[in-house]
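Everything below belongs to model-v3.tsv, which stores TSV, C-alpha atoms.
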```tsv
chain	number	residue	atom	x	y	z
A	1	MET	CA	42.44	30.66	16.98
A	2	GLU	CA	38.81	30.28	15.96
A	3	GLN	CA	37.95	26.77	14.87
A	4	GLN	CA	35.84	26.55	11.74
A	5	GLU	CA	34.12	23.68	10.02
A	6	HIS	CA	33.41	23.41	6.33
A	7	ARG	CA	30.52	21.11	5.43
A	8	HIS	CA	28.90	19.98	2.19
A	9	SER	CA	25.43	18.57	1.65
A	10	LEU	CA	25.06	16.23	-1.31
A	11	ILE	CA	21.53	15.70	-2.60
A	12	LYS	CA	20.55	13.19	-5.24
A	13	THR	CA	17.12	12.62	-6.75
A	14	ILE	CA	16.20	8.95	-6.59
A	15	GLY	CA	12.50	9.00	-7.37
A	16	ARG	CA	9.32	10.92	-8.13
A	17	ASP	CA	5.77	10.81	-6.86
A	18	LEU	CA	3.29	8.24	-8.17
A	19	PHE	CA	1.41	10.87	-10.14
A	20	SER	CA	4.39	10.79	-12.54
A	21	THR	CA	3.62	7.25	-13.69
A	22	THR	CA	2.53	6.93	-17.33
A	23	GLY	CA	-0.63	4.96	-16.61
A	24	PRO	CA	-2.33	2.26	-14.51
A	25	ARG	CA	-0.03	-0.47	-15.83
A	26	GLN	CA	3.10	1.29	-14.66
A	27	LEU	CA	1.37	2.37	-11.45
A	28	ILE	CA	0.44	-1.14	-10.31
A	29	LYS	CA	3.92	-2.42	-11.15
A	30	CYS	CA	5.39	0.42	-9.10
A	31	VAL	CA	3.08	-0.40	-6.18
A	32	ALA	CA	3.93	-4.11	-6.46
A	33	HIS	CA	7.63	-3.28	-6.19
A	34	ALA	CA	6.97	-1.07	-3.16
A	35	ILE	CA	5.08	-3.97	-1.55
A	36	ILE	CA	8.11	-6.18	-2.15
A	37	GLY	CA	10.17	-3.54	-0.35
A	38	HIS	CA	7.63	-3.63	2.49
A	39	HIS	CA	8.03	-7.41	2.57
A	40	SER	CA	11.82	-7.09	2.79
A	41	LEU	CA	11.44	-4.65	5.67
A	42	PHE	CA	9.10	-7.09	7.41
A	43	GLU	CA	11.53	-9.96	6.89
A	44	GLY	CA	14.12	-7.77	8.59
A	45	GLY	CA	11.87	-7.51	11.64
A	46	TRP	CA	10.18	-4.16	10.98
A	47	LEU	CA	6.63	-3.07	10.15
A	48	HIS	CA	6.27	0.22	8.25
A	49	ARG	CA	2.80	1.29	9.54
A	50	ASP	CA	2.43	4.43	7.39
A	51	VAL	CA	1.93	3.52	3.73
A	52	SER	CA	0.65	6.69	2.06
A	53	ILE	CA	0.81	8.67	-1.17
A	54	CYS	CA	3.97	10.46	0.00
A	55	ASN	CA	5.82	7.31	1.03
A	56	ILE	CA	5.98	5.45	-2.29
A	57	LEU	CA	8.27	6.68	-5.04
A	58	PHE	CA	8.24	5.99	-8.76
A	59	ILE	CA	11.72	5.50	-10.23
A	60	PRO	CA	11.89	6.78	-13.83
A	61	SER	CA	14.19	4.97	-16.27
A	62	GLY	CA	16.95	7.56	-16.00
A	63	LEU	CA	17.21	7.07	-12.24
A	64	ARG	CA	17.24	3.28	-12.08
A	65	GLY	CA	20.33	1.42	-10.97
A	66	ALA	CA	22.04	-1.35	-12.91
A	67	ASN	CA	21.36	-3.95	-10.19
A	68	SER	CA	17.78	-2.97	-9.47
A	69	ASP	CA	16.44	-6.55	-9.37
A	70	LYS	CA	18.83	-7.95	-6.76
A	71	PHE	CA	16.42	-7.46	-3.83
A	72	TYR	CA	13.70	-9.69	-5.27
A	73	CYS	CA	15.18	-13.13	-4.71
A	74	LYS	CA	12.19	-14.26	-2.59
A	75	PHE	CA	9.78	-13.50	-5.44
A	76	PRO	CA	11.09	-15.81	-8.24
A	77	TRP	CA	9.04	-14.29	-11.06
A	78	THR	CA	10.74	-10.92	-10.56
A	79	SER	CA	14.16	-12.23	-11.57
A	80	GLY	CA	15.61	-9.76	-14.05
A	81	MET	CA	12.73	-7.31	-13.56
A	82	GLU	CA	13.78	-3.68	-13.35
A	83	ARG	CA	12.70	-2.01	-10.12
A	84	ILE	CA	10.49	1.03	-10.69
A	85	GLY	CA	8.96	1.54	-7.24
A	86	MET	CA	10.25	1.93	-3.71
A	87	LEU	CA	8.91	2.47	-0.20
A	88	ILE	CA	10.38	5.34	1.83
A	89	ASP	CA	10.00	7.13	5.18
A	90	HIS	CA	10.39	4.56	7.93
A	91	GLY	CA	9.82	7.09	10.70
A	92	HIS	CA	6.85	5.18	12.14
A	93	ALA	CA	8.28	1.70	11.60
A	94	ILE	CA	8.45	-0.53	14.64
A	95	LYS	CA	9.87	-3.96	15.36
A	96	TRP	CA	6.85	-6.17	14.86
A	97	ARG	CA	7.96	-8.60	17.56
A	98	ASP	CA	7.53	-5.69	20.00
A	99	LEU	CA	4.04	-4.68	18.87
A	100	SER	CA	2.48	-5.54	22.21
A	101	GLY	CA	4.44	-2.77	23.90
A	102	GLU	CA	3.09	0.73	24.45
A	103	ALA	CA	4.44	2.05	21.12
A	104	GLY	CA	2.95	-0.89	19.24
A	105	LEU	CA	-0.55	-0.17	20.53
A	106	GLN	CA	-0.56	3.43	19.30
A	107	ARG	CA	-2.77	4.18	16.30
A	108	MET	CA	-0.51	4.88	13.36
A	109	GLY	CA	-1.00	5.81	9.71
A	110	THR	CA	-2.30	8.51	7.37
A	111	ILE	CA	-6.08	8.54	7.75
A	112	PRO	CA	-7.22	8.48	4.06
A	113	PHE	CA	-5.08	5.38	3.49
A	114	MET	CA	-5.50	3.51	6.78
A	115	SER	CA	-7.09	0.07	6.64
A	116	SER	CA	-10.78	-0.31	7.42
A	117	ARG	CA	-9.89	-2.57	10.34
A	118	LEU	CA	-7.76	0.11	11.98
A	119	LEU	CA	-10.35	2.81	11.31
A	120	LYS	CA	-13.10	0.67	12.82
A	121	ALA	CA	-11.01	0.04	15.93
A	122	TRP	CA	-10.30	3.76	16.16
A	123	GLU	CA	-14.02	4.58	15.97
A	124	SER	CA	-14.86	2.15	18.77
A	125	GLU	CA	-11.71	2.94	20.80
A	126	GLU	CA	-10.69	-0.71	20.76
A	127	THR	CA	-7.19	-2.04	21.23
A	128	VAL	CA	-5.87	-3.51	18.00
A	129	ILE	CA	-2.48	-4.81	16.85
A	130	HIS	CA	-1.17	-3.46	13.54
A	131	HIS	CA	-0.49	-6.14	10.92
A	132	PRO	CA	1.08	-6.10	7.41
A	133	LEU	CA	-2.43	-6.78	6.10
A	134	ASP	CA	-3.33	-3.25	7.21
A	135	ASP	CA	-0.43	-1.79	5.25
A	136	LEU	CA	-1.32	-3.91	2.21
A	137	GLU	CA	-4.78	-2.37	2.23
A	138	SER	CA	-3.14	1.06	2.42
A	139	PHE	CA	-1.31	0.27	-0.84
A	140	LEU	CA	-4.72	-0.28	-2.43
A	141	TRP	CA	-6.05	3.10	-1.30
A	142	VAL	CA	-2.88	4.85	-2.45
A	143	THR	CA	-3.37	3.30	-5.89
A	144	MET	CA	-6.95	4.54	-6.06
A	145	TRP	CA	-5.88	8.02	-4.94
A	146	VAL	CA	-3.57	8.25	-7.97
A	147	VAL	CA	-6.36	7.06	-10.26
A	148	ALA	CA	-8.61	9.79	-8.88
A	149	PHE	CA	-5.94	12.38	-9.57
A	150	HIS	CA	-5.71	11.38	-13.24
A	151	ASP	CA	-9.43	10.97	-13.82
A	152	THR	CA	-10.66	13.40	-16.49
A	153	ASN	CA	-14.33	12.98	-15.56
A	154	LYS	CA	-14.85	15.72	-13.00
A	155	ALA	CA	-17.95	14.10	-11.52
A	156	THR	CA	-16.10	10.83	-11.01
A	157	TYR	CA	-13.10	12.63	-9.59
A	158	LYS	CA	-15.35	14.36	-7.06
A	159	GLU	CA	-16.74	10.96	-6.10
A	160	TRP	CA	-13.24	9.60	-5.49
A	161	ARG	CA	-12.12	12.73	-3.67
A	162	ASP	CA	-15.16	12.64	-1.41
A	163	ALA	CA	-14.47	8.97	-0.67
A	164	PHE	CA	-10.99	9.73	0.63
A	165	THR	CA	-11.86	12.92	2.48
A	166	ALA	CA	-15.01	11.63	4.15
A	167	PRO	CA	-15.24	11.86	7.95
A	168	ARG	CA	-13.34	9.05	9.61
A	169	ASP	CA	-16.48	7.20	10.69
A	170	LEU	CA	-17.71	7.06	7.07
A	171	LEU	CA	-14.41	6.71	5.25
A	172	ARG	CA	-14.12	2.94	5.31
A	173	HIS	CA	-17.68	2.45	4.01
A	174	VAL	CA	-17.46	5.09	1.28
A	175	ARG	CA	-14.09	3.90	-0.07
A	176	SER	CA	-15.06	0.26	-0.42
A	177	GLY	CA	-18.42	1.17	-1.90
A	178	VAL	CA	-16.81	3.27	-4.61
A	179	VAL	CA	-14.35	0.50	-5.53
A	180	ARG	CA	-17.10	-2.10	-5.86
A	181	GLU	CA	-19.37	0.22	-7.81
A	182	HIS	CA	-16.70	0.79	-10.45
A	183	SER	CA	-15.68	-2.88	-10.47
A	184	TYR	CA	-18.99	-3.82	-12.08
A	185	ASP	CA	-19.64	-0.78	-14.24
A	186	GLU	CA	-20.38	-2.30	-17.66
A	187	SER	CA	-20.06	1.09	-19.36
A	188	LYS	CA	-16.30	0.92	-18.92
A	189	THR	CA	-13.91	-0.54	-21.48
A	190	PRO	CA	-12.55	-4.09	-20.93
A	191	ARG	CA	-9.21	-2.72	-19.74
A	192	GLN	CA	-10.87	-0.26	-17.38
A	193	ARG	CA	-13.03	-3.03	-15.96
A	194	ALA	CA	-9.93	-5.22	-15.57
A	195	PHE	CA	-8.28	-2.51	-13.49
A	196	PHE	CA	-11.23	-1.84	-11.21
A	197	ARG	CA	-11.98	-5.54	-10.80
A	198	LEU	CA	-8.36	-6.06	-9.82
A	199	MET	CA	-8.83	-3.44	-7.10
A	200	GLY	CA	-12.11	-5.04	-6.05
A	201	ASN	CA	-10.58	-8.52	-5.93
A	202	ILE	CA	-7.68	-7.29	-3.81
A	203	LEU	CA	-10.09	-5.59	-1.43
A	204	THR	CA	-12.15	-8.79	-1.18
A	205	GLU	CA	-9.04	-10.88	-0.50
A	206	LEU	CA	-7.93	-8.53	2.27
A	207	GLU	CA	-11.41	-8.40	3.80
A	208	ASN	CA	-11.70	-12.18	3.77
A	209	GLN	CA	-8.37	-12.48	5.56
A	210	GLY	CA	-9.46	-9.80	8.01
A	211	ARG	CA	-12.58	-11.78	8.94
A	212	SER	CA	-10.55	-14.77	10.09
A	213	SER	CA	-10.43	-15.68	13.76
A	214	PHE	CA	-6.77	-14.66	13.83
A	215	PHE	CA	-7.71	-11.02	13.26
A	216	ALA	CA	-10.91	-11.13	15.26
A	217	THR	CA	-9.30	-12.51	18.43
A	218	THR	CA	-5.51	-12.74	18.33
A	219	LEU	CA	-4.93	-9.19	17.06
A	220	ALA	CA	-7.52	-7.72	19.39
A	221	SER	CA	-5.22	-8.11	22.39
A	222	PRO	CA	-1.47	-7.97	23.09
A	223	LEU	CA	0.43	-10.71	21.26
A	224	GLN	CA	1.94	-13.60	23.11
A	225	ALA	CA	5.32	-15.01	22.09
A	226	SER	CA	3.63	-18.21	20.87
A	227	GLN	CA	1.50	-16.20	18.42
A	228	LEU	CA	4.34	-14.47	16.59
A	229	LYS	CA	4.86	-17.32	14.11
A	230	GLN	CA	1.22	-17.19	13.05
A	231	TYR	CA	1.46	-13.40	12.81
A	232	LYS	CA	4.36	-13.80	10.36
A	233	ASP	CA	2.91	-16.74	8.41
A	234	VAL	CA	-0.35	-14.90	7.72
A	235	ALA	CA	1.63	-11.86	6.57
A	236	ILE	CA	3.85	-13.79	4.14
A	237	LEU	CA	0.79	-15.46	2.60
A	238	CYS	CA	-0.86	-12.07	2.08
A	239	TYR	CA	2.26	-10.53	0.55
A	240	HIS	CA	2.53	-13.23	-2.09
A	241	LYS	CA	-1.18	-13.28	-2.93
A	242	ILE	CA	-1.43	-9.52	-3.44
A	243	VAL	CA	1.81	-9.15	-5.40
A	244	ASP	CA	0.84	-12.11	-7.60
A	245	MET	CA	-2.50	-10.46	-8.37
A	246	LEU	CA	-0.83	-7.18	-9.31
A	247	ILE	CA	1.84	-8.71	-11.53
A	248	GLU	CA	-0.59	-11.07	-13.29
A	249	ALA	CA	-2.81	-8.11	-14.23
A	250	ASP	CA	0.05	-6.26	-15.91
A	251	GLN	CA	-1.08	-6.74	-19.52
A	252	LEU	CA	-4.80	-6.54	-18.76
A	253	VAL	CA	-5.09	-2.99	-17.43
A	254	PRO	CA	-4.82	0.29	-19.39
A	255	GLU	CA	-1.31	1.31	-20.32
A	256	SER	CA	-1.87	5.07	-20.34
A	257	TRP	CA	-3.95	7.47	-18.27
A	258	ALA	CA	-5.75	8.53	-21.46
A	259	GLU	CA	-7.31	5.05	-21.58
A	260	MET	CA	-8.92	5.55	-18.17
```

Take the structure in this file and express it as structure tokens.
Amino acid sequence: MEQQEHRHSLIKTIGRDLFSTTGPRQLIKCVAHAIIGHHSLFEGGWLHRDVSICNILFIPSGLRGANSDKFYCKFPWTSGMERIGMLIDHGHAIKWRDLSGEAGLQRMGTIPFMSSRLLKAWESEETVIHHPLDDLESFLWVTMWVVAFHDTNKATYKEWRDAFTAPRDLLRHVRSGVVREHSYDESKTPRQRAFFRLMGNILTELENQGRSSFFATTLASPLQASQLKQYKDVAILCYHKIVDMLIEADQLVPESWAEM
């Protein structure tokens, strides 16, 4: 007798792309929550390594669970906060304690969103160890990509688009230049300036961390077991600083895309 199998596939929508957010305020909260998810993954021993526009989901109100705040115990100010963002696609994640192995030394990420440090190493064909700081910078570029999408000024949109699609050897310079230019544009409204200055301040914080001797020397060669604690400590500090900056700016930035 012929043996047959009957199978069912159950599919449930759990999120939408970031372009579906209602404005910068909701966007940065969504990104902050995705960063907290990245932090949880890191605490579990894994590094994502591919933060991009397709790997962060916005969770609309109708799709949010009743216990959406239970994962945020290590960020006290999120107690009771409803989760609206999540990080997905862990296909390139690797155990960060094994980063010195062959897989850990491979260049990984989506080019428009890769950190300037990784791009620079790629240009010069240098060995470099991926760090959560690199992924945190990717969250910044994802945020700016969404802003570019919603920008109604076609000339400005072209400027943003060109920044993210520039050749790899120019990308890191063009992106940061555009962020800083808009951070100090006095023609913008107070809320617009607050948003772009937030982005500029985050970029400055990440760059300052990246200039430290830890990144200049330790992460330029395979990690030793004795260096893993410092690798983690630097990461945890960066997570908290960046998430704090995003959450604190909640009421300062535009609420809707029309205000941008």

At a cut-off of 7 Å, using all atoms listed in the file, what residues contact stretch 233-243 of chain A? Leave out same-chain residues fewer than 6 positions from it and give the result as an mmCIF file with C-alpha atoms, keeping the file's coordinate frame.
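Wrote it out as out_5.cif, contents follow:
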```
data_model
loop_
_atom_site.group_PDB
_atom_site.id
_atom_site.type_symbol
_atom_site.label_atom_id
_atom_site.label_comp_id
_atom_site.auth_asym_id
_atom_site.auth_seq_id
_atom_site.Cartn_x
_atom_site.Cartn_y
_atom_site.Cartn_z
ATOM 1 C CA ALA A 32 3.930 -4.110 -6.460
ATOM 2 C CA HIS A 39 8.030 -7.410 2.570
ATOM 3 C CA PRO A 132 1.080 -6.100 7.410
ATOM 4 C CA LEU A 133 -2.430 -6.780 6.100
ATOM 5 C CA ILE A 202 -7.680 -7.290 -3.810
#
```

Between atom CA of A:Leu171 and atom CA of A:Ile247, distance in Å (one decimal):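 Atom CA of A:Leu171 sits 28.0 Å away from atom CA of A:Ile247.
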
Shell of 12 Å around A:Ser116, only C-alpha atoms, local chain residues under 6 positions omitted, as a ChimeraX atom specification: /A:109,122-123,130,133-138,140-141,168-176,203,206-207,210-211

Nearest residue to A:Thr110 from the set A:Asp50, A:Ala93, A:Leu57, A:Ala155 (distances using only C-alpha atoms): A:Asp50

Gap from atom CA of A:Val31 to atom CA of A:Thr152 - Å, one decimal: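 Atom CA of A:Thr152 lies 22.0 Å from atom CA of A:Val31.
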
Interatomic distance, atom CA of A:Phe113 to atom CA of A:His131 (Å, one decimal): 14.5 Å

Selected residue of minimal separation from A:Phe139 among A:Ala249, A:Ile59, A:Met114, A:Ala258, counting all atoms listed in the file: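 That would be A:Met114, the residue with the smallest distance to A:Phe139.
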
Exercise: A:Ala34 partners within 7 Å, all atoms listed in the file, chain neighbours under 6 positions left out, as a ChimeraX atom specification: /A:56,85-87

Could you pull the residues within 7 Å of stretch 183-197 of chain A, counting all atoms listed in the file, minus those fewer than 3 positions along the same chain, as a PDB file with C-alpha atoms, in the frame of the given file?
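File produced: part06.pdb:
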```
ATOM      1  CA  VAL A 179     -14.350   0.500  -5.530  1.00  0.00           C
ATOM      2  CA  ARG A 180     -17.100  -2.100  -5.860  1.00  0.00           C
ATOM      3  CA  GLY A 200     -12.110  -5.040  -6.050  1.00  0.00           C
ATOM      4  CA  ASN A 201     -10.580  -8.520  -5.930  1.00  0.00           C
ATOM      5  CA  LEU A 252      -4.800  -6.540 -18.760  1.00  0.00           C
ATOM      6  CA  VAL A 253      -5.090  -2.990 -17.430  1.00  0.00           C
ATOM      7  CA  PRO A 254      -4.820   0.290 -19.390  1.00  0.00           C
ATOM      8  CA  MET A 260      -8.920   5.550 -18.170  1.00  0.00           C
TER       9      MET A 260
END
```

Step by step, gather every atom of stretch 169-183 of chain A that the file lists, find the box along x, y and z that holds them, add 4 Å on each side, and finally give centre and edge lengths in Å to one decimal, as lines of an AutoDock Vina configuration file.
```
center_x = -16.7
center_y = 2.2
center_z = 0.1
size_x = 13.3
size_y = 18.1
size_z = 29.2
```

For A:Phe58, the nearest of the candidates A:Ile129, A:Ile94, A:Leu18, A:Ile35, counting only C-alpha atoms: A:Leu18

Shortest interatomic distance to A:Gln224 - which of A:Leu99, A:Leu119, A:Leu27, A:Ile14, counting all atoms listed in the file: A:Leu99

Working from the structure I just supplied, which lacks atoms in stretch 51-62 of chain A, can you model all heavy atoms there and output them as an mmCIF file, in the coordinates of the input?
```
data_model
loop_
_atom_site.group_PDB
_atom_site.id
_atom_site.type_symbol
_atom_site.label_atom_id
_atom_site.label_comp_id
_atom_site.auth_asym_id
_atom_site.auth_seq_id
_atom_site.Cartn_x
_atom_site.Cartn_y
_atom_site.Cartn_z
ATOM 1 N N VAL A 51 1.933 3.521 5.200
ATOM 2 C CA VAL A 51 1.930 3.520 3.730
ATOM 3 C C VAL A 51 0.964 4.605 3.268
ATOM 4 O O VAL A 51 -0.224 4.575 3.591
ATOM 5 C CB VAL A 51 1.491 2.144 3.190
ATOM 6 C CG1 VAL A 51 1.338 2.196 1.674
ATOM 7 C CG2 VAL A 51 2.503 1.075 3.592
ATOM 8 N N SER A 52 1.476 5.572 2.518
ATOM 9 C CA SER A 52 0.650 6.690 2.060
ATOM 10 C C SER A 52 1.158 7.190 0.720
ATOM 11 O O SER A 52 2.181 6.724 0.211
ATOM 12 C CB SER A 52 0.677 7.830 3.088
ATOM 13 O OG SER A 52 1.964 8.429 3.122
ATOM 14 N N ILE A 53 0.456 8.145 0.156
ATOM 15 C CA ILE A 53 0.810 8.670 -1.170
ATOM 16 C C ILE A 53 2.199 9.294 -1.182
ATOM 17 O O ILE A 53 2.874 9.299 -2.218
ATOM 18 C CB ILE A 53 -0.255 9.694 -1.637
ATOM 19 C CG1 ILE A 53 -0.048 10.076 -3.098
ATOM 20 C CG2 ILE A 53 -0.252 10.922 -0.742
ATOM 21 C CD1 ILE A 53 -0.210 8.936 -4.070
ATOM 22 N N CYS A 54 2.652 9.796 -0.058
ATOM 23 C CA CYS A 54 3.970 10.460 0.000
ATOM 24 C C CYS A 54 5.109 9.481 0.270
ATOM 25 O O CYS A 54 6.281 9.871 0.190
ATOM 26 C CB CYS A 54 3.962 11.542 1.068
ATOM 27 S SG CYS A 54 2.823 12.892 0.734
ATOM 28 N N ASN A 55 4.780 8.247 0.601
ATOM 29 C CA ASN A 55 5.820 7.310 1.030
ATOM 30 C C ASN A 55 6.128 6.211 0.013
ATOM 31 O O ASN A 55 6.804 5.234 0.340
ATOM 32 C CB ASN A 55 5.425 6.674 2.366
ATOM 33 C CG ASN A 55 5.460 7.681 3.494
ATOM 34 O OD1 ASN A 55 6.070 8.741 3.365
ATOM 35 N ND2 ASN A 55 4.802 7.373 4.597
ATOM 36 N N ILE A 56 5.629 6.367 -1.203
ATOM 37 C CA ILE A 56 5.980 5.450 -2.290
ATOM 38 C C ILE A 56 6.514 6.293 -3.443
ATOM 39 O O ILE A 56 5.868 7.263 -3.854
ATOM 40 C CB ILE A 56 4.763 4.641 -2.779
ATOM 41 C CG1 ILE A 56 4.104 3.901 -1.615
ATOM 42 C CG2 ILE A 56 5.184 3.649 -3.864
ATOM 43 C CD1 ILE A 56 2.807 3.214 -1.994
ATOM 44 N N LEU A 57 7.670 5.933 -3.945
ATOM 45 C CA LEU A 57 8.270 6.680 -5.040
ATOM 46 C C LEU A 57 8.305 5.863 -6.319
ATOM 47 O O LEU A 57 8.524 4.653 -6.297
ATOM 48 C CB LEU A 57 9.705 7.099 -4.687
ATOM 49 C CG LEU A 57 9.891 8.154 -3.599
ATOM 50 C CD1 LEU A 57 11.373 8.479 -3.445
ATOM 51 C CD2 LEU A 57 9.097 9.420 -3.901
ATOM 52 N N PHE A 58 8.084 6.554 -7.426
ATOM 53 C CA PHE A 58 8.240 5.990 -8.760
ATOM 54 C C PHE A 58 9.659 6.309 -9.230
ATOM 55 O O PHE A 58 10.125 7.442 -9.096
ATOM 56 C CB PHE A 58 7.210 6.599 -9.707
ATOM 57 C CG PHE A 58 7.512 6.416 -11.166
ATOM 58 C CD1 PHE A 58 7.676 5.143 -11.709
ATOM 59 C CD2 PHE A 58 7.630 7.513 -12.006
ATOM 60 C CE1 PHE A 58 7.951 4.975 -13.060
ATOM 61 C CE2 PHE A 58 7.900 7.356 -13.353
ATOM 62 C CZ PHE A 58 8.062 6.086 -13.880
ATOM 63 N N ILE A 59 10.350 5.311 -9.761
ATOM 64 C CA ILE A 59 11.720 5.500 -10.230
ATOM 65 C C ILE A 59 11.737 5.521 -11.751
ATOM 66 O O ILE A 59 11.627 4.467 -12.393
ATOM 67 C CB ILE A 59 12.653 4.386 -9.713
ATOM 68 C CG1 ILE A 59 12.497 4.211 -8.200
ATOM 69 C CG2 ILE A 59 14.104 4.694 -10.070
ATOM 70 C CD1 ILE A 59 13.254 3.031 -7.640
ATOM 71 N N PRO A 60 11.845 6.695 -12.363
ATOM 72 C CA PRO A 60 11.890 6.780 -13.830
ATOM 73 C C PRO A 60 13.133 6.073 -14.378
ATOM 74 O O PRO A 60 14.106 5.841 -13.652
ATOM 75 C CB PRO A 60 11.956 8.289 -14.096
ATOM 76 C CG PRO A 60 11.464 8.927 -12.837
ATOM 77 C CD PRO A 60 11.905 8.020 -11.735
ATOM 78 N N SER A 61 13.110 5.754 -15.659
ATOM 79 C CA SER A 61 14.190 4.970 -16.270
ATOM 80 C C SER A 61 15.565 5.598 -16.071
ATOM 81 O O SER A 61 16.549 4.900 -15.853
ATOM 82 C CB SER A 61 13.915 4.767 -17.759
ATOM 83 O OG SER A 61 13.764 6.021 -18.407
ATOM 84 N N GLY A 62 15.654 6.911 -16.119
ATOM 85 C CA GLY A 62 16.950 7.560 -16.000
ATOM 86 C C GLY A 62 17.547 7.517 -14.603
ATOM 87 O O GLY A 62 18.722 7.846 -14.413
#
```
